[in-house]
Amino acid sequence: MAAMTMAQALNAALRDALREDERALVFGEDVGPLGGVFRITDGLTKEFGEDRCFDTPLAEAGIVGLAVGMAMGGFRPVVEMQFDAFAYPAFEQIASHVAKLRNRTRGRLSLPMVIRIPYAGGIGGVEHHCDSSEAYYAHTPGLKVVTPATPDDAYWLLRDAIADPDPVIFMEPKRLYWSKGETTLGDRRAAGFGQAAVLREGRDATLIAYGPSIPVALQAAEAAAQDGIALEVVDLRTIVPFDDATVVSSVRKTGRCVVIQEAQGFAGVGAEIAARVQERCFHSLAAPVLRVSGFDIPYPPPMLEHSHLPDVDRVLDAVDRLQFGDEPDVFHLAGEAS
Amino acid sequence: MAAMTMAQALNAALRDALREDERALVFGEDVGPLGGVFRITDGLTKEFGEDRCFDTPLAEAGIVGLAVGMAMGGFRPVVEMQFDAFAYPAFEQIASHVAKLRNRTRGRLSLPMVIRIPYAGGIGGVEHHCDSSEAYYAHTPGLKVVTPATPDDAYWLLRDAIADPDPVIFMEPKRLYWSKGETTLGDRRAAGFGQAAVLREGRDATLIAYGPSIPVALQAAEAAAQDGIALEVVDLRTIVPFDDATVVSSVRKTGRCVVIQEAQGFAGVGAEIAARVQERCFHSLAAPVLRVSGFDIPYPPPMLEHSHLPDVDRVLDAVDRLQFGDEPDVFHLAGEAS
Amino acid sequence: MSVRTSRQTVDGLLPSPVPVRFVAEDGTAVQPPAGYPVPADERLLEAYRRMVLGRRFDRQATALTKQGRLAVYPSSRGQEACQIAGVLALREDDWVFPTYRESVALVSRGIDPVEVLTLLRGGWHCGYDPVATRVAPQCTPLATQTIHAVGMAEALRRKGQDGVVMAFIGDGGTSEGDFHEALNYAAVLHAPVVFFVQNNKYAISVPLAKQSAAPALAYKGIGYGIRSEQVDGNDLVAVLSVLTAAVEHARTGGGPFLVEAHTYRMDAHTNADDATRYRETGEVERWESADPLARLETYLRERGLLDPEAVASAHQAAEEFAARVRDEMNADPEMDPFELFDHVFAEPTPQLREQRALLASELTAQED
Amino acid sequence: MSVRTSRQTVDGLLPSPVPVRFVAEDGTAVQPPAGYPVPADERLLEAYRRMVLGRRFDRQATALTKQGRLAVYPSSRGQEACQIAGVLALREDDWVFPTYRESVALVSRGIDPVEVLTLLRGGWHCGYDPVATRVAPQCTPLATQTIHAVGMAEALRRKGQDGVVMAFIGDGGTSEGDFHEALNYAAVLHAPVVFFVQNNKYAISVPLAKQSAAPALAYKGIGYGIRSEQVDGNDLVAVLSVLTAAVEHARTGGGPFLVEAHTYRMDAHTNADDATRYRETGEVERWESADPLARLETYLRERGLLDPEAVASAHQAAEEFAARVRDEMNADPEMDPFELFDHVFAEPTPQLREQRALLASELTAQED
Ligand SMILES: Cc1ncc(C[n+]2csc(CCOP(=O)(O)OP(=O)(O)O)c2C)c(N)n1
Ligand SMILES: Cc1ncc(C[n+]2csc(CCOP(=O)(O)OP(=O)(O)O)c2C)c(N)n1
Ligand SMILES: [Mg+2]
Ligand SMILES: [Mg+2]
């Protein structure tokens, strides 16, 4: 066990993967000598040489397409998109090829490749640097979508992603890059993809979150505990595959649920979670599943991002609206809110 | 009133828009002399000249980016993406510019432009020609997402889209291109964006659908009526903006709801609808809001598409699971289905 | 402030100012340009037999669309010199990255014709085994395959193999951003890949003049530092000679190569297209006189390499092949709906298992 | 089988084999290349004053990052000849499509410096009025603005206006597919747009050699049929002369024009970047001796156009400007959180009104 930041844990995962599997490769924009703008690939070119970790020309469809070709040719590319919005030029490559090649070829070709995408906001980044784009990928069949919230998960989920026979979109919540935690770099842990984690137990309501929203959820649970409300916190860890079992057993126990996502709400992952939970836990629910999210607006300029981001208060407000008492829910009387 | 196909109605809408507004322009791949691969732009170049309806070089980011620049310069471009999956190369232009320019410039620049996208399947199209991509756009703040299900709606929603001060993603369910219906080409009708239509009244449950799923919903309602179940059918018409009022008042009345979408289900528009409905109608619901959708798989080859597409039976099966009686819902007991 | 330009490199990258040609339209030999040898007789004869077969196969496929046996078919009639030379220039262990229009090339590569047509008949997306055949799936999203080709080329190079990758693309496809990114990546990586542009003058209905204002598409190479050539695409001898040189260049560490072949799509874009909407029949007729197969036949006859017997036997083989294709395509393929869930991931997710069960119950209900 | 290539058009499109230069690094005049006139004295003096001011502004902006007044600043130190000539070559009614690095150009265009820095300080995304200034928002998604520029150029042309559009882009940006599509669209539409590539040798940490294997980026034009030129980007006289010719070419119906300026980014990519990780200080020092401002100053002095008084007054004006920028940037801007909902659509949707109400209740709760 070692305390390290998520950035360091990711770096360690890449390093160990490059060491253990000679088919593994790292490439992208500025991942070489610079070590990436977030330094996730720091030192890799030095340790493994330009052949194993290299800078590409500046073109994201090119990066992803090159990875497709190299994966077809037997390599295991791990590529970096510099920021969330800068993965959009690669969208066709991702949706029409990365997600589909196994399917198109009846499994004769597979794409063991990882696309790392630093995502979401909260770091004072200017426009186009803070998009929450996970839903685009989660909605695309054929992609696994993974997002760690702790350094330990960052290390192991990235190791799992690189070892996976299928393409993985690995979403890194960039505001957690500098968060610290204990990390086991030793023996491979048991939980793989599709295993949510119950980060805190509670009996009154379940908070379901992932990636950048996990610290918010945990703080909210802590604050609620002061008021005598015991919130259970579930961290999805992998959006696809989805861990219905853990989510459902938690909500069936608590009977109430708030879903938290930083992304704009409409048709996001939170909508899927809410829809699934009410489908599966309807008779256990004492109140509707509520969602807390960013607003349906383009990501705001840094000076206004605090107004947009779901924070502890927004979560607690939602918890308050879980009809523990008899008050009506003012925000969901359609059309009646100004 | 005239009976025409949806394709003809769309053609008429473009024609009337070009006639009435000299800023309107049509361009894209093969929209000129050929009239588009679906003939939606048939005859426009002939009637209005190459200046008003023209073929571009083959590049979708180019088409959308050109439209952005021309809209900034005072025009009202209506562009065609040849098929759903061929809009993906334009994804960065759409997500980072089309959706955001008004916001970025505090409203000093706006983009009155329409991106027409023939979408969804059911026409025996080979791979990449049948994607249901509406959720990608609906999840992107700053885009209006519109999808007609009748020739009359096709005409008026497209006229509204071209007249709208904001960018509109106009999703055309290609399998309905040849469906016929009465169309009023005369006086502008009252309903604009954000107005769902109740296509059929019923008291037992509400089917919420849009675009290609509307005929399925209507047929299911017809079939259910034979069994004495009265299904109400709501056609969203515009996904963004969303008509909460119509949806909510229907479900509060019926107490049961099935959402139908042709797209793969996970994190799709149907998830949003289900999440919204249970948030707003929780105490009116006698059963969970169920979703009927395509599977979470890449769109199948033509010979298998019938297995994938939500059909009347799949809808009726869901209706059966709305707990009119006391049977448990076998498909949503997580993990228990093989 | 180092500037790398020098007249010499620049001229070394630019294509011949007129397309390389060995055989005139009437089949007579013309003075071949320096640097490109005439391919060996046996290769030319092999090419001839394959062109005859390819054309017959193409005609058969078009016929199958009329019988409803193919969902769609993009014919390459008129482009046979390119289709055949494209694969003849390669070794078996080289890779091909084709578009949807390369059916004839793929058949010529030796892939089972029914497997080649599987996509187009509406069966599974890719009918053949890409690994065994070293042919990537026929690619529809335009130009996307060119960058995959670069990745494969880079993979071969890294594995110490001397394989070459040929990326097929059309004139329209060169306008897509991915083509640009592929050329640039290939050049920077010095990858052994040949970009083969079949400029058949149309992208569906859009004529070349609306597609590009370049002096010729082959002039795109220099902007990436890629050696380029343009060739008369209806002259098999020329296409084969130039592609062979391009492949050799790539194989021996010379880096990528861009070849533009000027040809013409004789049929409509696909059987679903109506070419009369956008081009004059006169234009098509003019191209009939530049037919690549007739041209090669005349040339080979004049050189005394081909006698009537050889012609007849080529046609005989083609007829037999076409008959086999017709028969096999008349049988309905077995399609297993549960396979829909098998190839999304190596292991289906719990969600996919659930959905599989839903389909199973639907199918059971239907049987009842 | 028409082939449009001819030696003449090809040569007419290709750039000069070495970058156009009027002034050597030491400030002495060199024999200017045929076809490009020396700009008028008054324009050169104006350029000098703007360069002095631009450099001072740039230094001030970098200082503001250290005081936490700017979230991020991409300096253009060393690129002033390009920044200033880029806007000096344009009329007021021409349009500019800049990247994030064009702060100095935008200030030189006359935009209020606080408005120019609004994006970079974390205020609203675009601080100035694009319509009034005819300057599109500073663009971050690389190369995307080049195709917007083509659209605007086409719009101007259609409206019968003789405005020209200048699209700024960096060396790295030329690798993106959008750049390719923009060049091609511009050429096919014959749009009045000038693509101005500031090749400052790096894309963040990636040096030009890993970005492109082209003889020079200016060689990209011919592949689209676009007239191209390369120029010494640290020679204001050359950049201004060539860009003026390019703009004139576009304005008078000659179609698009591509100019590559060879320059160098003296500072790190932004204040957040650490350039020592990827380049030697020796390289930076060598480029100090090619400084565009010193070079122009020496040249103007030697030509007797600039006296110490004029130099002093330029610096005086620059100091005053910088002081104003510093003072104004020290005031916190007023930001209205409810504006978040105002510019998503012309009219907020019911959903946005609901979300606005949610935020209002949150803010009220916070005040309590
Ligand atoms: C990204 C993308 N956009 C559009 C299409 C639709 N489409 C299919 S073929 C075609 C024309 C291609 O022309 P060209 O590259 O010249 O090849 P050809 O068909 O002439 O062989 C178009 C527009 C597509 N397949 N992919
Ligand atoms: C599409 C996209 N990908 C990546 C980035 C991240 N990024 C910002 S600046 C930059 C380097 C750009 O280099 P260049 O075009 O040479 O311009 P310069 O910064 O040198 O002026 C990169 C990679 C981006 N802004 N947009
Ligand atoms: Mg073509
Ligand atoms: Mg640069």
# chains A, B, ... in the order shown; residues from 1 in each chain; ligands from 1
>>> residues_around(residues="region 307-323 of chain C", least_positions_apart="5", cutoff="8 Å", atoms="only C-alpha atoms", output="list of chain:residue names")
C:Arg49, C:Val52, C:Leu53, C:Gly54, C:Arg56, C:Phe57, C:Gln60, C:Arg301
>>> closest_atom_pairs(of="chain D", to="ligand 4", cutoff="12 Å", atoms="only C-alpha atoms and all ligand atoms", output="JSON lines")
{"residue": "D:Pro74", "atom": "CA", "partner": "ligand 4", "partner_atom_place_in_ligand_line": "1 (Mg)", "distance": 11.0}
{"residue": "D:Ser75", "atom": "CA", "partner": "ligand 4", "partner_atom_place_in_ligand_line": "1 (Mg)", "distance": 11.5}
{"residue": "D:Ser76", "atom": "CA", "partner": "ligand 4", "partner_atom_place_in_ligand_line": "1 (Mg)", "distance": 10.3}
{"residue": "D:Gln79", "atom": "CA", "partner": "ligand 4", "partner_atom_place_in_ligand_line": "1 (Mg)", "distance": 10.6}
{"residue": "D:Thr99", "atom": "CA", "partner": "ligand 4", "partner_atom_place_in_ligand_line": "1 (Mg)", "distance": 11.0}
{"residue": "D:Tyr100", "atom": "CA", "partner": "ligand 4", "partner_atom_place_in_ligand_line": "1 (Mg)", "distance": 11.5}
{"residue": "D:Arg101", "atom": "CA", "partner": "ligand 4", "partner_atom_place_in_ligand_line": "1 (Mg)", "distance": 9.5}
{"residue": "D:Leu142", "atom": "CA", "partner": "ligand 4", "partner_atom_place_in_ligand_line": "1 (Mg)", "distance": 10.9}
{"residue": "D:Phe168", "atom": "CA", "partner": "ligand 4", "partner_atom_place_in_ligand_line": "1 (Mg)", "distance": 11.3}
{"residue": "D:Ile169", "atom": "CA", "partner": "ligand 4", "partner_atom_place_in_ligand_line": "1 (Mg)", "distance": 8.4}
{"residue": "D:Gly170", "atom": "CA", "partner": "ligand 4", "partner_atom_place_in_ligand_line": "1 (Mg)", "distance": 4.7}
{"residue": "D:Asp171", "atom": "CA", "partner": "ligand 4", "partner_atom_place_in_ligand_line": "1 (Mg)", "distance": 4.6}
{"residue": "D:Gly172", "atom": "CA", "partner": "ligand 4", "partner_atom_place_in_ligand_line": "1 (Mg)", "distance": 5.3}
{"residue": "D:Gly173", "atom": "CA", "partner": "ligand 4", "partner_atom_place_in_ligand_line": "1 (Mg)", "distance": 7.6}
{"residue": "D:Thr174", "atom": "CA", "partner": "ligand 4", "partner_atom_place_in_ligand_line": "1 (Mg)", "distance": 9.5}
{"residue": "D:Ser175", "atom": "CA", "partner": "ligand 4", "partner_atom_place_in_ligand_line": "1 (Mg)", "distance": 11.0}
{"residue": "D:Val197", "atom": "CA", "partner": "ligand 4", "partner_atom_place_in_ligand_line": "1 (Mg)", "distance": 8.9}
{"residue": "D:Gln198", "atom": "CA", "partner": "ligand 4", "partner_atom_place_in_ligand_line": "1 (Mg)", "distance": 6.9}
{"residue": "D:Asn199", "atom": "CA", "partner": "ligand 4", "partner_atom_place_in_ligand_line": "1 (Mg)", "distance": 5.5}
{"residue": "D:Asn200", "atom": "CA", "partner": "ligand 4", "partner_atom_place_in_ligand_line": "1 (Mg)", "distance": 4.5}
{"residue": "D:Lys201", "atom": "CA", "partner": "ligand 4", "partner_atom_place_in_ligand_line": "1 (Mg)", "distance": 5.4}
{"residue": "D:Tyr202", "atom": "CA", "partner": "ligand 4", "partner_atom_place_in_ligand_line": "1 (Mg)", "distance": 4.1}
{"residue": "D:Ala203", "atom": "CA", "partner": "ligand 4", "partner_atom_place_in_ligand_line": "1 (Mg)", "distance": 4.2}
{"residue": "D:Ile204", "atom": "CA", "partner": "ligand 4", "partner_atom_place_in_ligand_line": "1 (Mg)", "distance": 6.8}
{"residue": "D:Ser205", "atom": "CA", "partner": "ligand 4", "partner_atom_place_in_ligand_line": "1 (Mg)", "distance": 9.1}
{"residue": "D:Val206", "atom": "CA", "partner": "ligand 4", "partner_atom_place_in_ligand_line": "1 (Mg)", "distance": 8.5}
{"residue": "D:Pro207", "atom": "CA", "partner": "ligand 4", "partner_atom_place_in_ligand_line": "1 (Mg)", "distance": 8.2}
{"residue": "D:Leu208", "atom": "CA", "partner": "ligand 4", "partner_atom_place_in_ligand_line": "1 (Mg)", "distance": 8.0}
{"residue": "D:Ala209", "atom": "CA", "partner": "ligand 4", "partner_atom_place_in_ligand_line": "1 (Mg)", "distance": 11.8}
{"residue": "D:Lys210", "atom": "CA", "partner": "ligand 4", "partner_atom_place_in_ligand_line": "1 (Mg)", "distance": 11.9}
{"residue": "D:Gln211", "atom": "CA", "partner": "ligand 4", "partner_atom_place_in_ligand_line": "1 (Mg)", "distance": 9.7}
{"residue": "D:Ser212", "atom": "CA", "partner": "ligand 4", "partner_atom_place_in_ligand_line": "1 (Mg)", "distance": 11.9}
{"residue": "D:Leu217", "atom": "CA", "partner": "ligand 4", "partner_atom_place_in_ligand_line": "1 (Mg)", "distance": 11.9}
{"residue": "D:Glu260", "atom": "CA", "partner": "ligand 4", "partner_atom_place_in_ligand_line": "1 (Mg)", "distance": 11.6}
{"residue": "D:Ala261", "atom": "CA", "partner": "ligand 4", "partner_atom_place_in_ligand_line": "1 (Mg)", "distance": 11.0}
{"residue": "D:His262", "atom": "CA", "partner": "ligand 4", "partner_atom_place_in_ligand_line": "1 (Mg)", "distance": 10.1}
{"residue": "D:Thr263", "atom": "CA", "partner": "ligand 4", "partner_atom_place_in_ligand_line": "1 (Mg)", "distance": 9.1}
{"residue": "D:Tyr264", "atom": "CA", "partner": "ligand 4", "partner_atom_place_in_ligand_line": "1 (Mg)", "distance": 8.0}
{"residue": "D:Arg265", "atom": "CA", "partner": "ligand 4", "partner_atom_place_in_ligand_line": "1 (Mg)", "distance": 7.3}
{"residue": "D:Met266", "atom": "CA", "partner": "ligand 4", "partner_atom_place_in_ligand_line": "1 (Mg)", "distance": 11.0}
{"residue": "D:Asp267", "atom": "CA", "partner": "ligand 4", "partner_atom_place_in_ligand_line": "1 (Mg)", "distance": 11.5}
{"residue": "D:Ala268", "atom": "CA", "partner": "ligand 4", "partner_atom_place_in_ligand_line": "1 (Mg)", "distance": 10.8}
{"residue": "D:His269", "atom": "CA", "partner": "ligand 4", "partner_atom_place_in_ligand_line": "1 (Mg)", "distance": 8.4}
{"residue": "D:Thr270", "atom": "CA", "partner": "ligand 4", "partner_atom_place_in_ligand_line": "1 (Mg)", "distance": 11.7}
>>> select_by_dssp(residues="region 162-308 of chain B", states="alpha helix (DSSP H)", output="VMD selection string")
chain B and resid 162 to 163 214 to 226 244 to 254 269 to 281 305 to 308
>>> write_last_selection(atoms="C-alpha atoms", output="CSV table (one decimal), in the first residue's frame")
chain,number,residue,atom,x,y,z
B,162,ILE,CA,-35.6,26.8,-40.7
B,163,ALA,CA,-37.3,29.8,-39.2
B,214,ILE,CA,-44.8,6.2,-33.8
B,215,PRO,CA,-46.4,3.7,-36.3
B,216,VAL,CA,-45.4,0.9,-33.9
B,217,ALA,CA,-47.0,2.6,-31.0
B,218,LEU,CA,-50.2,3.3,-32.9
B,219,GLN,CA,-50.4,-0.3,-34.1
B,220,ALA,CA,-49.8,-1.6,-30.6
B,221,ALA,CA,-52.6,0.7,-29.3
B,222,GLU,CA,-54.8,-0.6,-32.0
B,223,ALA,CA,-54.0,-4.2,-31.1
B,224,ALA,CA,-54.4,-3.6,-27.4
B,225,ALA,CA,-57.8,-2.0,-28.0
B,226,GLN,CA,-58.9,-5.4,-29.4
B,244,ASP,CA,-43.3,17.8,-19.9
B,245,ALA,CA,-46.8,19.1,-19.6
B,246,THR,CA,-48.4,16.8,-22.2
B,247,VAL,CA,-46.4,13.8,-21.1
B,248,VAL,CA,-47.1,14.4,-17.4
B,249,SER,CA,-50.8,15.0,-17.8
B,250,SER,CA,-51.2,11.8,-19.8
B,251,VAL,CA,-49.3,9.6,-17.4
B,252,ARG,CA,-51.0,11.1,-14.4
B,253,LYS,CA,-54.3,10.2,-16.1
B,254,THR,CA,-53.4,6.7,-17.1
B,269,VAL,CA,-33.7,9.4,-25.0
B,270,GLY,CA,-36.1,6.8,-23.5
B,271,ALA,CA,-34.0,6.7,-20.3
B,272,GLU,CA,-34.6,10.5,-20.0
B,273,ILE,CA,-38.3,10.1,-20.6
B,274,ALA,CA,-38.6,7.3,-18.1
B,275,ALA,CA,-36.6,9.3,-15.5
B,276,ARG,CA,-38.6,12.4,-16.0
B,277,VAL,CA,-41.9,10.6,-15.9
B,278,GLN,CA,-41.2,8.8,-12.6
B,279,GLU,CA,-39.8,12.1,-11.1
B,280,ARG,CA,-43.0,13.9,-12.0
B,281,CYS,CA,-45.7,11.3,-11.8
B,305,GLU,CA,-32.9,-6.3,-38.2
B,306,HIS,CA,-36.4,-7.5,-37.5
B,307,SER,CA,-35.1,-9.3,-34.4
B,308,HIS,CA,-33.6,-6.1,-33.1
>>> interface_residues(of="chain B", to="chain D", cutoff="8 Å", atoms="only C-alpha atoms", output="ChimeraX atom specification")
/B:56-57,59,61-62,65-75,93,96,100,102-109,141-142,165-166,241-242
>>> write_last_selection(atoms="N, CA, C and O atoms", output="tab-separated table (two decimals), in the first residue's frame")
chain	number	residue	atom	x	y	z
B	56	THR	N	-21.62	19.87	-52.17
B	56	THR	CA	-20.34	20.22	-51.58
B	56	THR	C	-19.35	19.10	-51.83
B	56	THR	O	-19.75	17.98	-52.12
B	57	PRO	N	-18.07	19.37	-51.66
B	57	PRO	CA	-17.13	18.26	-51.59
B	57	PRO	C	-17.50	17.34	-50.42
B	57	PRO	O	-18.21	17.75	-49.50
B	59	ALA	N	-17.31	15.89	-47.34
B	59	ALA	CA	-16.67	16.07	-46.04
B	59	ALA	C	-17.69	16.68	-45.10
B	59	ALA	O	-18.11	17.81	-45.29
B	61	ALA	N	-17.62	17.37	-41.71
B	61	ALA	CA	-17.20	18.47	-40.86
B	61	ALA	C	-17.17	19.74	-41.71
B	61	ALA	O	-17.53	20.83	-41.25
B	62	GLY	N	-16.75	19.59	-42.95
B	62	GLY	CA	-16.74	20.71	-43.88
B	62	GLY	C	-18.12	21.28	-44.11
B	62	GLY	O	-18.33	22.49	-44.07
B	65	GLY	N	-19.24	22.92	-40.84
B	65	GLY	CA	-18.41	24.10	-40.58
B	65	GLY	C	-18.70	25.22	-41.57
B	65	GLY	O	-18.74	26.40	-41.20
B	66	LEU	N	-18.91	24.86	-42.81
B	66	LEU	CA	-19.27	25.87	-43.81
B	66	LEU	C	-20.60	26.53	-43.44
B	66	LEU	O	-20.76	27.75	-43.54
B	67	ALA	N	-21.52	25.71	-42.97
B	67	ALA	CA	-22.82	26.26	-42.56
B	67	ALA	C	-22.66	27.21	-41.38
B	67	ALA	O	-23.31	28.27	-41.33
B	68	VAL	N	-21.78	26.86	-40.45
B	68	VAL	CA	-21.53	27.76	-39.32
B	68	VAL	C	-21.04	29.11	-39.83
B	68	VAL	O	-21.57	30.16	-39.46
B	69	GLY	N	-20.05	29.08	-40.70
B	69	GLY	CA	-19.50	30.33	-41.22
B	69	GLY	C	-20.53	31.12	-42.01
B	69	GLY	O	-20.63	32.35	-41.87
B	70	MET	N	-21.32	30.43	-42.80
B	70	MET	CA	-22.32	31.15	-43.61
B	70	MET	C	-23.45	31.68	-42.74
B	70	MET	O	-23.99	32.76	-43.00
B	71	ALA	N	-23.78	30.95	-41.69
B	71	ALA	CA	-24.82	31.45	-40.77
B	71	ALA	C	-24.29	32.68	-40.03
B	71	ALA	O	-25.01	33.66	-39.83
B	72	MET	N	-23.01	32.65	-39.65
B	72	MET	CA	-22.41	33.83	-39.04
B	72	MET	C	-22.48	35.01	-40.01
B	72	MET	O	-22.56	36.16	-39.59
B	73	GLY	N	-22.41	34.70	-41.28
B	73	GLY	CA	-22.42	35.73	-42.31
B	73	GLY	C	-23.83	36.09	-42.79
B	73	GLY	O	-23.98	36.80	-43.78
B	74	GLY	N	-24.84	35.61	-42.10
B	74	GLY	CA	-26.20	36.09	-42.40
B	74	GLY	C	-27.09	35.14	-43.17
B	74	GLY	O	-28.24	35.47	-43.45
B	75	PHE	N	-26.58	33.96	-43.51
B	75	PHE	CA	-27.42	33.01	-44.26
B	75	PHE	C	-28.12	32.05	-43.30
B	75	PHE	O	-27.84	32.03	-42.11
B	93	GLN	N	-17.69	19.66	-34.89
B	93	GLN	CA	-18.29	20.92	-35.34
B	93	GLN	C	-19.65	21.11	-34.68
B	93	GLN	O	-20.01	22.22	-34.28
B	96	SER	N	-19.02	21.32	-30.49
B	96	SER	CA	-18.19	22.41	-29.98
B	96	SER	C	-18.52	23.77	-30.62
B	96	SER	O	-18.13	24.80	-30.08
B	100	LYS	N	-22.78	25.73	-29.46
B	100	LYS	CA	-22.23	26.66	-28.47
B	100	LYS	C	-22.04	28.10	-28.93
B	100	LYS	O	-21.74	28.96	-28.11
B	102	ARG	N	-23.84	30.66	-29.87
B	102	ARG	CA	-24.63	31.69	-29.20
B	102	ARG	C	-24.13	31.88	-27.77
B	102	ARG	O	-23.94	33.02	-27.31
B	103	ASN	N	-23.92	30.78	-27.10
B	103	ASN	CA	-23.49	30.85	-25.72
B	103	ASN	C	-22.12	31.51	-25.59
B	103	ASN	O	-21.91	32.37	-24.73
B	104	ARG	N	-21.20	31.09	-26.44
B	104	ARG	CA	-19.84	31.62	-26.34
B	104	ARG	C	-19.81	33.12	-26.52
B	104	ARG	O	-18.97	33.80	-25.94
B	105	THR	N	-20.70	33.62	-27.37
B	105	THR	CA	-20.65	35.04	-27.72
B	105	THR	C	-21.74	35.84	-26.99
B	105	THR	O	-22.05	36.95	-27.39
B	106	ARG	N	-22.30	35.29	-25.95
B	106	ARG	CA	-23.35	35.96	-25.17
B	106	ARG	C	-24.49	36.44	-26.06
B	106	ARG	O	-25.02	37.53	-25.87
B	107	GLY	N	-24.79	35.65	-27.05
B	107	GLY	CA	-25.93	35.96	-27.90
B	107	GLY	C	-25.64	36.96	-29.01
B	107	GLY	O	-26.53	37.31	-29.78
B	108	ARG	N	-24.38	37.38	-29.13
B	108	ARG	CA	-24.10	38.34	-30.21
B	108	ARG	C	-24.08	37.65	-31.57
B	108	ARG	O	-24.30	38.28	-32.59
B	109	LEU	N	-23.75	36.39	-31.56
B	109	LEU	CA	-23.85	35.61	-32.80
B	109	LEU	C	-24.81	34.46	-32.54
B	109	LEU	O	-24.80	33.86	-31.47
B	141	PRO	N	-26.23	20.33	-24.89
B	141	PRO	CA	-26.97	21.58	-24.67
B	141	PRO	C	-26.71	22.57	-25.80
B	141	PRO	O	-25.58	22.70	-26.28
B	142	GLY	N	-27.75	23.23	-26.22
B	142	GLY	CA	-27.62	24.22	-27.29
B	142	GLY	C	-28.18	23.74	-28.61
B	142	GLY	O	-28.25	24.50	-29.56
B	165	PRO	N	-34.41	30.72	-34.63
B	165	PRO	CA	-33.15	31.47	-34.51
B	165	PRO	C	-31.98	30.61	-34.05
B	165	PRO	O	-30.84	31.09	-34.03
B	166	ASP	N	-32.24	29.37	-33.68
B	166	ASP	CA	-31.18	28.51	-33.15
B	166	ASP	C	-30.99	27.27	-34.00
B	166	ASP	O	-31.86	26.89	-34.78
B	241	PRO	N	-36.89	21.22	-27.43
B	241	PRO	CA	-37.39	21.19	-26.05
B	241	PRO	C	-38.39	20.06	-25.84
B	241	PRO	O	-39.05	19.62	-26.77
B	242	PHE	N	-38.47	19.66	-24.59
B	242	PHE	CA	-39.29	18.52	-24.21
B	242	PHE	C	-40.62	19.04	-23.66
B	242	PHE	O	-40.67	20.01	-22.93
>>> atom_distance(atom1="CA of Asn271 (chain D)", atom2="CA of Gly68 (chain D)")
11.1 Å
>>> select_by_dssp(residues="region 92-301 of chain B", states="strand (DSSP E)", output="PyMOL selection string")
chain B and resi 114-119+144-146+168-173+180-183+197-200+205-209+231-235+238-240+257-264+290-294
>>> residues_around(residues="Asp235 (chain D)", least_positions_apart="4", cutoff="7 Å", atoms="only C-alpha atoms", output="mmCIF file with N, CA and C atoms, in the first residue's frame")
data_model
loop_
_atom_site.group_PDB
_atom_site.id
_atom_site.type_symbol
_atom_site.label_atom_id
_atom_site.label_comp_id
_atom_site.auth_asym_id
_atom_site.auth_seq_id
_atom_site.Cartn_x
_atom_site.Cartn_y
_atom_site.Cartn_z
ATOM 1 N N ARG D 21 11.941 36.663 -48.094
ATOM 2 C CA ARG D 21 12.591 37.478 -47.059
ATOM 3 C C ARG D 21 13.021 38.829 -47.652
ATOM 4 N N PHE D 22 12.801 39.885 -46.905
ATOM 5 C CA PHE D 22 13.234 41.227 -47.314
ATOM 6 C C PHE D 22 14.378 41.725 -46.444
ATOM 7 N N VAL D 23 14.419 41.242 -45.221
ATOM 8 C CA VAL D 23 15.379 41.772 -44.249
ATOM 9 C C VAL D 23 16.103 40.603 -43.593
ATOM 10 N N ALA D 81 5.806 39.721 -35.680
ATOM 11 C CA ALA D 81 5.738 40.114 -37.101
ATOM 12 C C ALA D 81 4.496 39.505 -37.736
ATOM 13 N N VAL D 239 6.502 39.445 -44.222
ATOM 14 C CA VAL D 239 5.172 38.926 -43.892
ATOM 15 C C VAL D 239 4.103 39.901 -44.379
ATOM 16 N N PRO D 292 12.047 39.426 -34.294
ATOM 17 C CA PRO D 292 11.396 40.222 -35.343
ATOM 18 C C PRO D 292 11.342 41.714 -35.035
#
